[in-house]
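Colleague: Dropping in query_6.pdb, with PDB, C-alpha atoms and all ligand atoms.
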ATOM      1  CA  MET A   1     338.030 211.718  87.997  1.00  0.00           C
ATOM      2  CA  TYR A   2     338.341 214.854  90.068  1.00  0.00           C
ATOM      3  CA  ASP A   3     341.785 216.147  89.287  1.00  0.00           C
ATOM      4  CA  PHE A   4     342.191 219.536  90.923  1.00  0.00           C
ATOM      5  CA  GLY A   5     342.361 220.930  87.397  1.00  0.00           C
ATOM      6  CA  THR A   6     341.147 224.353  88.510  1.00  0.00           C
ATOM      7  CA  LEU A   7     344.053 224.485  90.905  1.00  0.00           C
ATOM      8  CA  LEU A   8     346.566 223.753  88.187  1.00  0.00           C
ATOM      9  CA  ASP A   9     344.971 226.396  86.026  1.00  0.00           C
ATOM     10  CA  ASP A  10     345.051 229.116  88.635  1.00  0.00           C
ATOM     11  CA  ASP A  11     348.292 230.151  90.254  1.00  0.00           C
ATOM     12  CA  ARG A  12     346.481 232.063  93.017  1.00  0.00           C
ATOM     13  CA  TYR A  13     346.772 228.850  94.996  1.00  0.00           C
ATOM     14  CA  SER A  14     350.523 228.512  94.567  1.00  0.00           C
ATOM     15  CA  GLY A  15     351.518 230.686  97.497  1.00  0.00           C
ATOM     16  CA  ILE A  16     349.093 229.031  99.874  1.00  0.00           C
ATOM     17  CA  PHE A  17     350.005 225.513  98.882  1.00  0.00           C
ATOM     18  CA  LEU A  18     353.728 226.125  98.940  1.00  0.00           C
ATOM     19  CA  SER A  19     353.524 226.946 102.623  1.00  0.00           C
ATOM     20  CA  PHE A  20     352.165 223.632 103.858  1.00  0.00           C
ATOM     21  CA  THR A  21     354.471 221.663 106.066  1.00  0.00           C
ATOM     22  CA  SER A  22     351.686 219.770 107.820  1.00  0.00           C
ATOM     23  CA  ASN A  23     349.745 216.999 106.138  1.00  0.00           C
ATOM     24  CA  ASP A  24     346.646 217.920 108.120  1.00  0.00           C
ATOM     25  CA  TYR A  25     346.667 221.494 106.819  1.00  0.00           C
ATOM     26  CA  ALA A  26     347.256 220.247 103.300  1.00  0.00           C
ATOM     27  CA  ARG A  27     344.385 217.789 103.644  1.00  0.00           C
ATOM     28  CA  LEU A  28     342.005 220.437 104.982  1.00  0.00           C
ATOM     29  CA  ALA A  29     342.900 222.798 102.151  1.00  0.00           C
ATOM     30  CA  LEU A  30     342.485 220.115  99.494  1.00  0.00           C
ATOM     31  CA  GLU A  31     339.157 219.088 101.049  1.00  0.00           C
ATOM     32  CA  GLN A  32     337.988 222.703 101.052  1.00  0.00           C
ATOM     33  CA  LEU A  33     338.912 222.968  97.391  1.00  0.00           C
ATOM     34  CA  ARG A  34     337.205 219.739  96.437  1.00  0.00           C
ATOM     35  CA  TRP A  35     334.165 220.087  98.682  1.00  0.00           C
ATOM     36  CA  PRO A  36     333.574 223.812  99.221  1.00  0.00           C
ATOM     37  CA  GLY A  37     331.793 224.652 102.448  1.00  0.00           C
ATOM     38  CA  GLY A  38     332.260 221.111 103.730  1.00  0.00           C
ATOM     39  CA  ALA A  39     329.706 219.655 101.315  1.00  0.00           C
ATOM     40  CA  VAL A  40     331.449 216.288 101.077  1.00  0.00           C
ATOM     41  CA  CYS A  41     329.998 214.033  98.433  1.00  0.00           C
ATOM     42  CA  CYS A  42     330.832 210.459  97.552  1.00  0.00           C
ATOM     43  CA  PRO A  43     333.340 210.227  94.680  1.00  0.00           C
ATOM     44  CA  VAL A  44     331.764 206.991  93.446  1.00  0.00           C
ATOM     45  CA  CYS A  45     327.992 207.437  93.654  1.00  0.00           C
ATOM     46  CA  GLY A  46     327.827 211.211  94.157  1.00  0.00           C
ATOM     47  CA  SER A  47     325.640 210.854  97.224  1.00  0.00           C
ATOM     48  CA  ASP A  48     325.515 213.836  99.544  1.00  0.00           C
ATOM     49  CA  ARG A  49     323.824 211.874 102.308  1.00  0.00           C
ATOM     50  CA  PRO A  50     325.407 212.239 105.714  1.00  0.00           C
ATOM     51  CA  ILE A  51     328.965 211.052 105.579  1.00  0.00           C
ATOM     52  CA  TYR A  52     330.848 210.468 108.746  1.00  0.00           C
ATOM     53  CA  ARG A  53     334.359 211.473 109.511  1.00  0.00           C
ATOM     54  CA  GLN A  54     336.478 208.546 110.587  1.00  0.00           C
ATOM     55  CA  ASN A  55     339.933 207.952 111.872  1.00  0.00           C
ATOM     56  CA  ARG A  56     342.074 205.051 110.804  1.00  0.00           C
ATOM     57  CA  LYS A  57     345.044 204.289 113.016  1.00  0.00           C
ATOM     58  CA  GLY A  58     344.931 207.862 114.285  1.00  0.00           C
ATOM     59  CA  VAL A  59     344.919 209.312 110.759  1.00  0.00           C
ATOM     60  CA  ALA A  60     341.999 211.661 110.114  1.00  0.00           C
ATOM     61  CA  GLY A  61     340.285 212.409 106.845  1.00  0.00           C
ATOM     62  CA  TYR A  62     338.364 209.241 106.139  1.00  0.00           C
ATOM     63  CA  TYR A  63     334.741 209.528 105.078  1.00  0.00           C
ATOM     64  CA  ARG A  64     332.078 206.893 104.804  1.00  0.00           C
ATOM     65  CA  CYS A  65     329.314 206.795 102.251  1.00  0.00           C
ATOM     66  CA  PRO A  66     326.478 204.673 103.677  1.00  0.00           C
ATOM     67  CA  ALA A  67     324.963 203.873 100.286  1.00  0.00           C
ATOM     68  CA  PRO A  68     325.657 200.336  99.024  1.00  0.00           C
ATOM     69  CA  HIS A  69     328.630 200.140  96.650  1.00  0.00           C
ATOM     70  CA  THR A  70     329.235 197.005  94.664  1.00  0.00           C
ATOM     71  CA  ASP A  71     332.182 197.955  92.477  1.00  0.00           C
ATOM     72  CA  LYS A  72     334.917 197.072  94.964  1.00  0.00           C
ATOM     73  CA  SER A  73     333.272 194.110  96.634  1.00  0.00           C
ATOM     74  CA  PRO A  74     334.466 190.719  95.336  1.00  0.00           C
ATOM     75  CA  LYS A  75     331.097 189.082  96.018  1.00  0.00           C
ATOM     76  CA  GLY A  76     329.118 191.900  94.448  1.00  0.00           C
ATOM     77  CA  ILE A  77     327.461 192.677  97.767  1.00  0.00           C
ATOM     78  CA  GLY A  78     326.758 196.334  98.304  1.00  0.00           C
ATOM     79  CA  ARG A  79     328.898 197.784 101.053  1.00  0.00           C
ATOM     80  CA  PRO A  80     329.449 201.283 102.388  1.00  0.00           C
ATOM     81  CA  LEU A  81     332.434 203.021 100.844  1.00  0.00           C
ATOM     82  CA  VAL A  82     335.267 204.576 102.820  1.00  0.00           C
ATOM     83  CA  PHE A  83     337.124 207.309 100.986  1.00  0.00           C
ATOM     84  CA  THR A  84     339.479 210.252 101.437  1.00  0.00           C
ATOM     85  CA  VAL A  85     340.184 213.456  99.539  1.00  0.00           C
ATOM     86  CA  ARG A  86     342.660 211.438  97.461  1.00  0.00           C
ATOM     87  CA  THR A  87     340.016 209.017  96.165  1.00  0.00           C
ATOM     88  CA  GLY A  88     339.359 209.486  92.476  1.00  0.00           C
ATOM     89  CA  THR A  89     342.250 211.904  91.989  1.00  0.00           C
ATOM     90  CA  ILE A  90     345.815 211.713  90.688  1.00  0.00           C
ATOM     91  CA  MET A  91     346.862 211.208  94.326  1.00  0.00           C
ATOM     92  CA  GLU A  92     344.787 208.073  94.858  1.00  0.00           C
ATOM     93  CA  ARG A  93     347.420 205.359  94.434  1.00  0.00           C
ATOM     94  CA  SER A  94     350.293 207.444  95.761  1.00  0.00           C
ATOM     95  CA  HIS A  95     352.133 207.075  99.047  1.00  0.00           C
ATOM     96  CA  VAL A  96     353.538 210.580  98.748  1.00  0.00           C
ATOM     97  CA  PRO A  97     352.313 212.729 101.684  1.00  0.00           C
ATOM     98  CA  LEU A  98     349.549 215.252 101.018  1.00  0.00           C
ATOM     99  CA  SER A  99     351.759 218.208 101.943  1.00  0.00           C
ATOM    100  CA  THR A 100     354.172 217.083  99.221  1.00  0.00           C
ATOM    101  CA  TRP A 101     351.309 216.726  96.747  1.00  0.00           C
ATOM    102  CA  ALA A 102     350.088 220.210  97.660  1.00  0.00           C
ATOM    103  CA  TYR A 103     353.578 221.506  96.972  1.00  0.00           C
ATOM    104  CA  CYS A 104     353.675 219.704  93.619  1.00  0.00           C
ATOM    105  CA  LEU A 105     350.254 221.044  92.629  1.00  0.00           C
ATOM    106  CA  ALA A 106     351.423 224.540  93.531  1.00  0.00           C
ATOM    107  CA  ILE A 107     354.663 224.416  91.592  1.00  0.00           C
ATOM    108  CA  GLY A 108     352.786 222.708  88.773  1.00  0.00           C
ATOM    109  CA  ALA A 109     350.367 225.635  88.665  1.00  0.00           C
ATOM    110  CA  PHE A 110     353.249 228.096  88.817  1.00  0.00           C
ATOM    111  CA  ALA A 111     355.156 226.323  86.063  1.00  0.00           C
ATOM    112  CA  LYS A 112     352.096 226.290  83.813  1.00  0.00           C
ATOM    113  CA  ALA A 113     351.232 229.922  84.490  1.00  0.00           C
ATOM    114  CA  ASN A 114     354.740 231.076  83.684  1.00  0.00           C
ATOM    115  CA  HIS A 115     355.386 228.961  80.628  1.00  0.00           C
ATOM    116  CA  PRO A 116     354.463 230.565  77.299  1.00  0.00           C
ATOM    117  CA  LYS A 117     352.637 227.438  76.174  1.00  0.00           C
ATOM    118  CA  ARG A 118     351.211 226.810  79.666  1.00  0.00           C
ATOM    119  CA  THR A 119     352.872 223.447  79.899  1.00  0.00           C
ATOM    120  CA  LEU A 120     354.908 222.032  82.749  1.00  0.00           C
ATOM    121  CA  ALA A 121     358.561 222.955  82.342  1.00  0.00           C
ATOM    122  CA  LEU A 122     359.902 220.821  85.165  1.00  0.00           C
ATOM    123  CA  SER A 123     362.375 217.973  85.140  1.00  0.00           C
ATOM    124  CA  ALA A 124     361.910 214.868  87.243  1.00  0.00           C
ATOM    125  CA  SER A 125     365.439 215.098  88.644  1.00  0.00           C
ATOM    126  CA  LYS A 126     364.915 218.694  89.816  1.00  0.00           C
ATOM    127  CA  LEU A 127     361.540 217.870  91.343  1.00  0.00           C
ATOM    128  CA  ALA A 128     363.008 214.804  93.067  1.00  0.00           C
ATOM    129  CA  LEU A 129     365.588 216.996  94.812  1.00  0.00           C
ATOM    130  CA  GLN A 130     363.006 219.605  95.780  1.00  0.00           C
ATOM    131  CA  ILE A 131     360.565 217.209  97.401  1.00  0.00           C
ATOM    132  CA  ASP A 132     363.040 214.574  98.564  1.00  0.00           C
ATOM    133  CA  VAL A 133     361.678 211.576  96.686  1.00  0.00           C
ATOM    134  CA  ASN A 134     363.424 209.282  94.229  1.00  0.00           C
ATOM    135  CA  PRO A 135     363.497 210.322  90.555  1.00  0.00           C
ATOM    136  CA  LYS A 136     361.072 207.549  89.589  1.00  0.00           C
ATOM    137  CA  THR A 137     358.442 208.874  92.016  1.00  0.00           C
ATOM    138  CA  ALA A 138     359.074 212.426  90.803  1.00  0.00           C
ATOM    139  CA  ALA A 139     358.618 211.316  87.190  1.00  0.00           C
ATOM    140  CA  SER A 140     355.342 209.643  88.126  1.00  0.00           C
ATOM    141  CA  ILE A 141     354.121 212.831  89.852  1.00  0.00           C
ATOM    142  CA  LEU A 142     355.062 214.872  86.790  1.00  0.00           C
ATOM    143  CA  ARG A 143     353.139 212.513  84.509  1.00  0.00           C
ATOM    144  CA  SER A 144     350.112 212.923  86.781  1.00  0.00           C
ATOM    145  CA  LEU A 145     350.409 216.707  86.768  1.00  0.00           C
ATOM    146  CA  VAL A 146     350.664 216.760  82.982  1.00  0.00           C
ATOM    147  CA  SER A 147     347.595 214.530  82.696  1.00  0.00           C
ATOM    148  CA  VAL A 148     345.498 217.006  84.665  1.00  0.00           C
ATOM    149  CA  ARG A 149     343.154 218.966  82.461  1.00  0.00           C
ATOM    150  CA  PRO A 150     341.469 222.188  83.470  1.00  0.00           C
ATOM    151  CA  VAL A 151     337.878 221.713  84.556  1.00  0.00           C
ATOM    152  CA  PRO A 152     335.588 223.006  81.765  1.00  0.00           C
ATOM    153  CA  SER A 153     333.816 226.203  82.824  1.00  0.00           C
TER
HETATM  154 ZN    ZN B 201     328.645 206.567  97.629  1.00  0.00          ZN
END
What would the structure in this file look like if it were written as structure tokens?
Modeller:
Amino acid sequence: MYDFGTLLDDDRYSGIFLSFTSNDYARLALEQLRWPGGAVCCPVCGSDRPIYRQNRKGVAGYYRCPAPHTDKSPKGIGRPLVFTVRTGTIMERSHVPLSTWAYCLAIGAFAKANHPKRTLALSASKLALQIDVNPKTAASILRSLVSVRPVPS
């Protein structure tokens, strides 16, 4: 799983990510971080074959890997895979907007950088107020942030 671990381990990104109010800007920044220089690769098979940008219901940021994928097909027939920057990350199953995730990643990085043991010193109730979600969602985000490990260098 790609987990943006380098982001959480480097508070240089905090300032940038805190400023996002637009989901499109947040998406572009997360894509740039995950696929530097626009070298998008498939999160399932790793293919770097041409992958086409798609829109779904006017929402940008969908990519298509043309290689056959069998893992998500009930009949085991290989099908192309559609994915986004969220696929294979802690954001994958979340309905929280990307700009909110960017904010959480930024404050997560800041909290780690400024804590003597480099752990997250954030409470779910405080985070819930900051990002305007319910405490259960905030707790889930915090668990995800804690689960993120720095990428080995
Ligand atoms: Zn693929």
Colleague: Report, in Å with one decimal, the straight-line distance from CA of Cys41 in chain A to CA of Thr87 in chain A.
Modeller: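 A separation of 11.4 Å between them.
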Colleague: Quick one: everything within 7 Å of Phe83 in chain A, counting all atoms listed in the file, minus sequence neighbours fewer than 6 positions away in the same chain. Send it as an MDAnalysis selection string.
Modeller: chainID A and resid 62:64
Colleague: To one decimal place in Å, what is the distance between CA of Leu142 in chain A and CA of Ala60 in chain A?
Modeller: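 Going from CA of Leu142 in chain A over to CA of Ala60 in chain A covers 26.9 Å.
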Colleague: Which residues match the PyMOL selection byres (((chain A and resi 22-30) around 9) and not hetatm) in the file above, as a PyMOL selection string?
Modeller: chain A and resi 4+17+20-21+31-35+60-61+85-86+97-102
Colleague: Print the selection's residues with C-alpha atoms to a file, as a PDB file, in the frame of the given file.
Modeller:
ATOM      1  CA  PHE A   4     342.191 219.536  90.923  1.00  0.00           C
ATOM      2  CA  PHE A  17     350.005 225.513  98.882  1.00  0.00           C
ATOM      3  CA  PHE A  20     352.165 223.632 103.858  1.00  0.00           C
ATOM      4  CA  THR A  21     354.471 221.663 106.066  1.00  0.00           C
ATOM      5  CA  GLU A  31     339.157 219.088 101.049  1.00  0.00           C
ATOM      6  CA  GLN A  32     337.988 222.703 101.052  1.00  0.00           C
ATOM      7  CA  LEU A  33     338.912 222.968  97.391  1.00  0.00           C
ATOM      8  CA  ARG A  34     337.205 219.739  96.437  1.00  0.00           C
ATOM      9  CA  TRP A  35     334.165 220.087  98.682  1.00  0.00           C
ATOM     10  CA  ALA A  60     341.999 211.661 110.114  1.00  0.00           C
ATOM     11  CA  GLY A  61     340.285 212.409 106.845  1.00  0.00           C
ATOM     12  CA  VAL A  85     340.184 213.456  99.539  1.00  0.00           C
ATOM     13  CA  ARG A  86     342.660 211.438  97.461  1.00  0.00           C
ATOM     14  CA  PRO A  97     352.313 212.729 101.684  1.00  0.00           C
ATOM     15  CA  LEU A  98     349.549 215.252 101.018  1.00  0.00           C
ATOM     16  CA  SER A  99     351.759 218.208 101.943  1.00  0.00           C
ATOM     17  CA  THR A 100     354.172 217.083  99.221  1.00  0.00           C
ATOM     18  CA  TRP A 101     351.309 216.726  96.747  1.00  0.00           C
ATOM     19  CA  ALA A 102     350.088 220.210  97.660  1.00  0.00           C
TER      20      ALA A 102
END
Colleague: Hey, which bits of chain A sit within 9 Å of ligand ZN 201 (chain B), and for each residue what's the closest pair of atoms and how far apart in Å (one decimal), counting only C-alpha atoms and all ligand atoms, rows by chain and increasing number, as JSON lines?
Modeller:
{"residue": "A:Cys41", "atom": "CA", "partner": "B:ZN201", "partner_atom": "ZN", "distance": 7.6}
{"residue": "A:Cys42", "atom": "CA", "partner": "B:ZN201", "partner_atom": "ZN", "distance": 4.5}
{"residue": "A:Pro43", "atom": "CA", "partner": "B:ZN201", "partner_atom": "ZN", "distance": 6.6}
{"residue": "A:Val44", "atom": "CA", "partner": "B:ZN201", "partner_atom": "ZN", "distance": 5.2}
{"residue": "A:Cys45", "atom": "CA", "partner": "B:ZN201", "partner_atom": "ZN", "distance": 4.1}
{"residue": "A:Gly46", "atom": "CA", "partner": "B:ZN201", "partner_atom": "ZN", "distance": 5.9}
{"residue": "A:Ser47", "atom": "CA", "partner": "B:ZN201", "partner_atom": "ZN", "distance": 5.3}
{"residue": "A:Asp48", "atom": "CA", "partner": "B:ZN201", "partner_atom": "ZN", "distance": 8.1}
{"residue": "A:Arg49", "atom": "CA", "partner": "B:ZN201", "partner_atom": "ZN", "distance": 8.6}
{"residue": "A:Arg64", "atom": "CA", "partner": "B:ZN201", "partner_atom": "ZN", "distance": 8.0}
{"residue": "A:Cys65", "atom": "CA", "partner": "B:ZN201", "partner_atom": "ZN", "distance": 4.7}
{"residue": "A:Pro66", "atom": "CA", "partner": "B:ZN201", "partner_atom": "ZN", "distance": 6.7}
{"residue": "A:Ala67", "atom": "CA", "partner": "B:ZN201", "partner_atom": "ZN", "distance": 5.3}
{"residue": "A:Pro68", "atom": "CA", "partner": "B:ZN201", "partner_atom": "ZN", "distance": 7.0}
{"residue": "A:His69", "atom": "CA", "partner": "B:ZN201", "partner_atom": "ZN", "distance": 6.5}
{"residue": "A:Pro80", "atom": "CA", "partner": "B:ZN201", "partner_atom": "ZN", "distance": 7.2}
{"residue": "A:Leu81", "atom": "CA", "partner": "B:ZN201", "partner_atom": "ZN", "distance": 6.1}
{"residue": "A:Val82", "atom": "CA", "partner": "B:ZN201", "partner_atom": "ZN", "distance": 8.6}
Colleague: For CA of Arg143 in chain A and CA of Ser94 in chain A, quote the distance in Å rounded to one decimal.
Modeller: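 We find that CA of Arg143 in chain A and CA of Ser94 in chain A lie 12.7 Å from each other.
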Colleague: Please evaluate the PyMOL selection byres (((chain A and resi 140) around 12) and not hetatm) against the structure above and give the resulting residues as a PDB file with C-alpha atoms, keeping the file's coordinate frame.
Modeller:
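part11.pdb was written with the following content:
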ATOM      1  CA  ILE A  90     345.815 211.713  90.688  1.00  0.00           C
ATOM      2  CA  MET A  91     346.862 211.208  94.326  1.00  0.00           C
ATOM      3  CA  ARG A  93     347.420 205.359  94.434  1.00  0.00           C
ATOM      4  CA  SER A  94     350.293 207.444  95.761  1.00  0.00           C
ATOM      5  CA  HIS A  95     352.133 207.075  99.047  1.00  0.00           C
ATOM      6  CA  VAL A  96     353.538 210.580  98.748  1.00  0.00           C
ATOM      7  CA  TRP A 101     351.309 216.726  96.747  1.00  0.00           C
ATOM      8  CA  CYS A 104     353.675 219.704  93.619  1.00  0.00           C
ATOM      9  CA  SER A 123     362.375 217.973  85.140  1.00  0.00           C
ATOM     10  CA  ALA A 124     361.910 214.868  87.243  1.00  0.00           C
ATOM     11  CA  SER A 125     365.439 215.098  88.644  1.00  0.00           C
ATOM     12  CA  LEU A 127     361.540 217.870  91.343  1.00  0.00           C
ATOM     13  CA  ALA A 128     363.008 214.804  93.067  1.00  0.00           C
ATOM     14  CA  VAL A 133     361.678 211.576  96.686  1.00  0.00           C
ATOM     15  CA  ASN A 134     363.424 209.282  94.229  1.00  0.00           C
ATOM     16  CA  PRO A 135     363.497 210.322  90.555  1.00  0.00           C
ATOM     17  CA  LYS A 136     361.072 207.549  89.589  1.00  0.00           C
ATOM     18  CA  THR A 137     358.442 208.874  92.016  1.00  0.00           C
ATOM     19  CA  ALA A 138     359.074 212.426  90.803  1.00  0.00           C
ATOM     20  CA  ALA A 139     358.618 211.316  87.190  1.00  0.00           C
ATOM     21  CA  ILE A 141     354.121 212.831  89.852  1.00  0.00           C
ATOM     22  CA  LEU A 142     355.062 214.872  86.790  1.00  0.00           C
ATOM     23  CA  ARG A 143     353.139 212.513  84.509  1.00  0.00           C
ATOM     24  CA  SER A 144     350.112 212.923  86.781  1.00  0.00           C
ATOM     25  CA  LEU A 145     350.409 216.707  86.768  1.00  0.00           C
ATOM     26  CA  VAL A 146     350.664 216.760  82.982  1.00  0.00           C
ATOM     27  CA  SER A 147     347.595 214.530  82.696  1.00  0.00           C
TER      28      SER A 147
END
Colleague: Is it possible to get the axis-aligned box enclosing range 87-95 of chain A (all listed atoms, 4 Å extra per side) as lines of an AutoDock Vina configuration file, with centre and edge lengths in Å rounded to one decimal?
Modeller:
center_x = 345.7
center_y = 208.6
center_z = 94.9
size_x = 20.8
size_y = 14.5
size_z = 16.4
Colleague: Which residue is closest to Ala109 in chain A? Choose from A:Asn55, A:Thr89, A:Thr70, A:Val148 and count only C-alpha atoms.
Modeller: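 Of all the options, A:Val148 lies closest to Ala109 in chain A.
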